[in-house]
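Peer 1: Below you will find the structure I want to go over with you.
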Amino acid sequence: MKDFLNVLIGIASTPALLVALIAVIGLILQKKSTSNILLGGIKTFVGFLVLTGGAGIVQNSLTPFGEMFTHAFSVQGVVPNNEAIVALALTKYGTPTALIMLVGMIANILIARFTRFKYIYLTGHATLYMSCMIAVIMTVSGFTTVPLILLGGLILGMANALSPAILQPFMKSVTGTDEVALGHTGNFGYMISAVIGKFFGNKNHSTEDLKVPKGLSFLRDSTVAITITMGIIYIILAILAGQGYIETKLSDGTNFIIYSIQMAGTFAAGVFVILSGVRLILGEIIPAFKGISEKLVPNSKPALDCPIVFPYAPNAVLVGFFSSFIGGIVSMVIMIALHTIIVLPGVVPHFFCGATAGVFGNATGGRRGAIIGSFIHGIVISFMPIALMPVLGNLGFANSTFSDTDYGVVGLFLGGLGGAGGVVLITTGIFVVLAIMVILTVFKKKNVDPAVNK
Amino acid sequence: MKIAAVCGSGLGSSFMVEMNIKSILDQLGINQDDIEVTHFDMGSATPDSADHFFVGQDLAEATEKLGAEKVTVLKSIIDKNELKEKVVQYLQESGRMPK
């Protein structure tokens, strides 16, 4: 019995086995064949190891980056990249992340079943990354074991039902249907962009009437986009840090420019490996989640990843990216002037989130809405990480951080409460939000009932 | 036979299209023992990596490298009816389903 218990504890404290076990449970619940169950379990197991392998590669590139940056600017420089920071965090917080994700998916289903927030969050990588951030912040705030996992899962389930909900009125005007919602970690930023578009723009002058140059689709290839932008950043940094410093201290004699290009490629390679791992991890878990949620909550609305809105306004996608990226550059200049931590404009968050912000800004405020909305979005995702980093504990010093707005919203909610009143205040905060969700549900039902009676 | 959905990062949208293709194959009662459905990011997809690719309109331009005859472009990746129509069309063209 004691040995059996030790094996169980061993599995639970080995995140790779734990995620495999979650996948296996999902496959069993779907009544898959034994060979499929075995196959899926093994793939998920290896996926986690691939992901943590990628973390090592990213680390090899970020460590010299950090040293070059502090040498050149005397402040910390940060590359916002969700994959990089999650992979680094998972090497330490793998077990709570996996369990929070599991509880979070169950909480999401329960919330969708019993409240008016009928959204099932199917963007698996966003759920995984959010679980990871919640695991880190709540651990830093003093949570451990069962409360960490149950309350962490609860806040994840709530966030995953609420973030599509706040955007849904605007999502309807983008897609023209109420059947599908947006489930992405930038939802808060898209809402800001849509609201700005409403006040400052004019819906009738759509971005889609503009002629926009083609040939920028290479930016959709994240490996290429990351290598190019990181290459530019590294080379500028290398010149500022000085050839002598790099060749004596970091590159072991290799030419400083060649070294910079190699480091940029290493970062992109690390992200590539991490993404392969993420795909393997989610490959079995998400279809199970989808299948089970469809059975238990038949009237649910799927919340899907941000590129689903791109085809509705392809020009706004480009306008939004550039505008958001310029917002990132302006922010960086302000940070340099103010001598704060410097957040570099990450091409991936500005592309995916900036583009989506552009689509929403355009939906409410045409081209002016797209430009102003995504510009402000670009500023928000640059400054939010500075506020977020202190609540991440040691991970705040990792030279990479979470970029999208919803990480900031959830992270600052938890981190702010944790800083003010630790475990007690966070627990109270979570239940207050849950109570508000329940009250809103009761009120909606009351509003609906008279109509039904008529 | 291998069918792949493709999107920018190969994480969310393409995965969703993959799941939708699978459920369409289930609905149609197609024997899936030798049909593999998977998803890729735009950067990793090569002409050899699948027999046919499904991709959203916004990425159509980037799929030239895969060969026009191997790619089906979707006007909307959330429109299941459009997807079903185009999956059926592909299955008929490749002889997997009677016309």
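Residues in the structure tokens are numbered from 1 in each chain, the chains being A, B, ... in the order shown, and ligands are numbered from 1 in the order shown.
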Please list as a PyMOL selection string every residue within 7 Å of A:Gly189, counting only C-alpha atoms and excluding residues in the same chain fewer than 6 positions away.

Peer 2: chain A and resi 357+377+405

Peer 1: Kindly export the residues of the current selection with N, CA, C and O atoms, as a compact mmCIF listing (two decimals), in the first residue's frame.

Peer 2:
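Once everything was written out, this is out15.txt:
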```txt
# COMPACT_ATOMS: atom_id res chain seq x y z
N ALA A 357 -6.87 43.26 -32.23
CA ALA A 357 -7.34 44.56 -31.75
C ALA A 357 -7.74 45.43 -32.93
O ALA A 357 -8.73 46.17 -32.88
N HIS A 377 -3.76 49.63 -27.61
CA HIS A 377 -3.51 48.24 -27.23
C HIS A 377 -2.01 47.95 -27.13
O HIS A 377 -1.54 47.32 -26.20
N THR A 405 -2.95 40.94 -22.76
CA THR A 405 -3.60 41.73 -21.70
C THR A 405 -4.24 40.89 -20.60
O THR A 405 -4.20 41.28 -19.44
```

Peer 1: Which residues of chain B come within 8 Å of chain A, and for each one, what is the closest pair of atoms and their distance in Å to one decimal, counting only C-alpha atoms, sorted by chain and residue number, as a tab-separated table?

Peer 2:
```
residue	atom	partner	partner_atom	distance
B:Gly8	CA	A:Arg220	CA	5.0
B:Ser9	CA	A:Ser222	CA	6.4
B:Gly10	CA	A:Arg279	CA	7.9
B:Leu11	CA	A:Arg279	CA	6.5
B:Gly12	CA	A:Asp305	CA	5.2
B:Ser13	CA	A:Asp305	CA	5.7
B:Met16	CA	A:Leu304	CA	7.8
B:Met19	CA	A:Pro287	CA	7.0
B:Asp41	CA	A:Asp221	CA	7.4
B:Met42	CA	A:Asp221	CA	5.7
B:Gly43	CA	A:Asp221	CA	5.0
B:Gly56	CA	A:Pro311	CA	7.1
B:Gln57	CA	A:Pro311	CA	5.9
B:Asp58	CA	A:Pro311	CA	5.1
B:Leu59	CA	A:Ser217	CA	7.1
B:Glu61	CA	A:Ser217	CA	7.0
B:Ala62	CA	A:Ser217	CA	6.0
B:Lys75	CA	A:Pro311	CA	7.1
B:Ser76	CA	A:Pro311	CA	6.5
B:Ile77	CA	A:Ile308	CA	6.3
B:Ile78	CA	A:Ile308	CA	6.8
```

Peer 1: Could you tell me how far atom CA of A:Met332 sits from atom CA of A:Ser374, in Å to one decimal place?

Peer 2: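 These atoms are spaced 16.1 Å apart.
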
Peer 1: So the first atom is atom CA of A:Gly41 and the second is atom CA of B:Val6; what is the distance between them in Å, to one decimal place?

Peer 2: 24.2 Å

Peer 1: Between B:Phe15, B:Asp48, B:Phe40, B:Val55, which is the closest to B:Leu83 once you count only C-alpha atoms?

Peer 2: B:Val55

Peer 1: So which one's closest to B:Val37, B:Ile24, B:Ala68, B:Glu93, B:Ile3? Using only C-alpha atoms, please.

Peer 2: B:Ile3

Peer 1: Quick one: residues within 6 Å of B:Phe53, only C-alpha atoms, excluding same-chain residues fewer than 5 positions away - as a short mmCIF file (atom, residue, chain, number, x, y, z; two decimals) with C-alpha atoms, in the first residue's frame?

Peer 2:
```cif
data_model
loop_
_atom_site.label_atom_id
_atom_site.label_comp_id
_atom_site.auth_asym_id
_atom_site.auth_seq_id
_atom_site.Cartn_x
_atom_site.Cartn_y
_atom_site.Cartn_z
CA ILE B 3 -5.49 15.85 -44.34
CA ALA B 4 -4.05 18.87 -42.55
CA ALA B 5 -5.48 22.15 -41.31
CA VAL B 71 -5.02 23.50 -50.90
#
```

Peer 1: What are the DSSP strand (DSSP E) residues of stretch 285-368 of chain A, as a PyMOL selection string?

Peer 2: chain A and resi 301-304+342-343

Peer 1: Create the file for the chosen residues now, containing N, CA, C and O atoms and written as a compact mmCIF listing (two decimals), in the first residue's frame.

Peer 2:
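Result written to out.txt:
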```txt
# COMPACT_ATOMS: atom_id res chain seq x y z
N LYS A 301 -21.40 27.99 -25.94
CA LYS A 301 -20.80 28.64 -27.10
C LYS A 301 -19.30 28.41 -27.04
O LYS A 301 -18.67 28.72 -26.03
N PRO A 302 -18.71 27.89 -28.12
CA PRO A 302 -17.26 27.69 -28.09
C PRO A 302 -16.52 29.02 -28.18
O PRO A 302 -16.87 29.87 -29.00
N ALA A 303 -15.52 29.21 -27.32
CA ALA A 303 -14.66 30.39 -27.41
C ALA A 303 -13.37 29.94 -28.09
O ALA A 303 -12.67 29.06 -27.59
N LEU A 304 -13.07 30.54 -29.24
CA LEU A 304 -11.99 30.04 -30.10
C LEU A 304 -10.86 31.05 -30.24
O LEU A 304 -11.01 32.22 -29.89
N ILE A 342 12.91 47.79 -19.33
CA ILE A 342 12.54 48.05 -20.73
C ILE A 342 11.90 46.82 -21.35
O ILE A 342 12.48 45.74 -21.40
N VAL A 343 10.63 46.98 -21.78
CA VAL A 343 9.92 45.89 -22.44
C VAL A 343 10.06 46.10 -23.94
O VAL A 343 9.61 47.10 -24.49
```

Peer 1: Atom CA of A:Leu88 to atom CA of A:Ala420: how many Å, to one decimal?

Peer 2: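 Taking atom CA of A:Leu88 as the start and atom CA of A:Ala420 as the end point, the length is 27.1 Å.
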
Peer 1: Near B:Ile35, counting only C-alpha atoms, which residues have an atom at most 8 Å away, once you skip same-chain residues fewer than 3 positions from it, shown as a ChimeraX atom specification?

Peer 2: /B:1-3,31-32

Peer 1: Could you write out that same residue set with N, CA, C and O atoms as a PDB file, in the first residue's frame?

Peer 2:
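Result file selection20.pdb:
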```pdb
ATOM      1  N   MET B   1      -4.174   8.297 -46.404  1.00  0.00           N
ATOM      2  CA  MET B   1      -4.534   9.666 -46.753  1.00  0.00           C
ATOM      3  C   MET B   1      -4.351  10.571 -45.539  1.00  0.00           C
ATOM      4  O   MET B   1      -4.722  10.214 -44.434  1.00  0.00           O
ATOM      5  N   LYS B   2      -3.747  11.730 -45.777  1.00  0.00           N
ATOM      6  CA  LYS B   2      -3.490  12.639 -44.668  1.00  0.00           C
ATOM      7  C   LYS B   2      -4.023  14.026 -45.012  1.00  0.00           C
ATOM      8  O   LYS B   2      -3.657  14.614 -46.024  1.00  0.00           O
ATOM      9  N   ILE B   3      -4.910  14.528 -44.153  1.00  0.00           N
ATOM     10  CA  ILE B   3      -5.486  15.854 -44.342  1.00  0.00           C
ATOM     11  C   ILE B   3      -4.967  16.756 -43.230  1.00  0.00           C
ATOM     12  O   ILE B   3      -4.923  16.338 -42.078  1.00  0.00           O
ATOM     13  N   ASN B  31     -14.955   5.652 -43.257  1.00  0.00           N
ATOM     14  CA  ASN B  31     -14.019   4.803 -42.535  1.00  0.00           C
ATOM     15  C   ASN B  31     -12.691   5.549 -42.369  1.00  0.00           C
ATOM     16  O   ASN B  31     -12.045   5.912 -43.346  1.00  0.00           O
ATOM     17  N   GLN B  32     -12.314   5.793 -41.102  1.00  0.00           N
ATOM     18  CA  GLN B  32     -11.146   6.655 -40.877  1.00  0.00           C
ATOM     19  C   GLN B  32      -9.879   5.887 -40.513  1.00  0.00           C
ATOM     20  O   GLN B  32      -8.905   6.482 -40.059  1.00  0.00           O
TER      21      GLN B  32
END
```

Peer 1: Could you give me, as number ranges by chain, each residue of stretch 64-218 of chain A that DSSP assigns to helix (DSSP H, G or I) when run on this structure's backbone?

Peer 2: A: 64-73, 82-114, 124-140, 145-175, 187-200, 207-209, 217-218

Peer 1: Which of these, B:Glu18, B:Asp51, B:Asp34, B:Asp26, has the shortest distance to B:Glu69 once you count only C-alpha atoms?

Peer 2: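 For B:Glu69, the nearest of the candidates is B:Asp51.
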
Peer 1: Please provide as an MDAnalysis selection string all residues within 7 Å of stretch 6-16 of chain A, with the sequence filter that same-chain residues fewer than 2 positions apart are discarded (counting only C-alpha atoms).

Peer 2: chainID A and resid 2:4 18:20 45 48:49 94:95 98

Peer 1: Take the selection from the previous step and output its residues with N, CA, C and O atoms, as an mmCIF file, in the first residue's frame.

Peer 2:
```
data_model
loop_
_atom_site.group_PDB
_atom_site.id
_atom_site.type_symbol
_atom_site.label_atom_id
_atom_site.label_comp_id
_atom_site.auth_asym_id
_atom_site.auth_seq_id
_atom_site.Cartn_x
_atom_site.Cartn_y
_atom_site.Cartn_z
ATOM 1 N N LYS A 2 1.914 1.190 0.864
ATOM 2 C CA LYS A 2 2.775 2.356 0.955
ATOM 3 C C LYS A 2 3.514 2.586 -0.374
ATOM 4 O O LYS A 2 3.665 3.725 -0.820
ATOM 5 N N ASP A 3 3.940 1.445 -0.983
ATOM 6 C CA ASP A 3 4.622 1.561 -2.269
ATOM 7 C C ASP A 3 3.695 2.151 -3.322
ATOM 8 O O ASP A 3 4.091 2.997 -4.118
ATOM 9 N N PHE A 4 2.447 1.667 -3.313
ATOM 10 C CA PHE A 4 1.464 2.155 -4.276
ATOM 11 C C PHE A 4 1.266 3.668 -4.126
ATOM 12 O O PHE A 4 1.221 4.407 -5.108
ATOM 13 N N LEU A 18 1.890 13.312 -15.209
ATOM 14 C CA LEU A 18 0.596 13.838 -14.787
ATOM 15 C C LEU A 18 -0.243 14.286 -15.982
ATOM 16 O O LEU A 18 -1.429 13.938 -16.086
ATOM 17 N N VAL A 19 0.347 15.051 -16.899
ATOM 18 C CA VAL A 19 -0.431 15.473 -18.080
ATOM 19 C C VAL A 19 -0.821 14.261 -18.925
ATOM 20 O O VAL A 19 -1.908 14.211 -19.493
ATOM 21 N N ALA A 20 0.076 13.263 -18.990
ATOM 22 C CA ALA A 20 -0.250 12.043 -19.731
ATOM 23 C C ALA A 20 -1.454 11.360 -19.096
ATOM 24 O O ALA A 20 -2.363 10.892 -19.788
ATOM 25 N N PHE A 45 2.909 12.571 -22.834
ATOM 26 C CA PHE A 45 4.074 12.430 -21.948
ATOM 27 C C PHE A 45 5.315 13.015 -22.606
ATOM 28 O O PHE A 45 6.018 13.867 -22.033
ATOM 29 N N PHE A 48 5.363 16.901 -23.087
ATOM 30 C CA PHE A 48 5.785 17.730 -21.957
ATOM 31 C C PHE A 48 7.307 17.810 -21.887
ATOM 32 O O PHE A 48 7.878 18.858 -21.597
ATOM 33 N N LEU A 49 7.955 16.677 -22.176
ATOM 34 C CA LEU A 49 9.426 16.674 -22.130
ATOM 35 C C LEU A 49 10.011 17.503 -23.269
ATOM 36 O O LEU A 49 11.050 18.154 -23.103
ATOM 37 N N GLY A 94 5.417 22.692 -12.883
ATOM 38 C CA GLY A 94 4.694 21.780 -13.773
ATOM 39 C C GLY A 94 3.500 21.118 -13.117
ATOM 40 O O GLY A 94 2.402 21.085 -13.680
ATOM 41 N N THR A 95 3.695 20.577 -11.909
ATOM 42 C CA THR A 95 2.609 19.841 -11.261
ATOM 43 C C THR A 95 1.400 20.724 -10.951
ATOM 44 O O THR A 95 0.289 20.404 -11.376
ATOM 45 N N ALA A 98 -0.462 21.658 -14.248
ATOM 46 C CA ALA A 98 -1.274 20.604 -14.863
ATOM 47 C C ALA A 98 -2.570 20.401 -14.084
ATOM 48 O O ALA A 98 -3.647 20.256 -14.672
#
```

Peer 1: Tell me, as an MDAnalysis selection string, which residues lie within 12 Å of A:Ser260, counting only C-alpha atoms; anything in the same chain fewer than 5 positions away does not count.

Peer 2: chainID A and resid 61:62 64:65 68 227:239 241:243 246:247 250:251 254:255 265:267
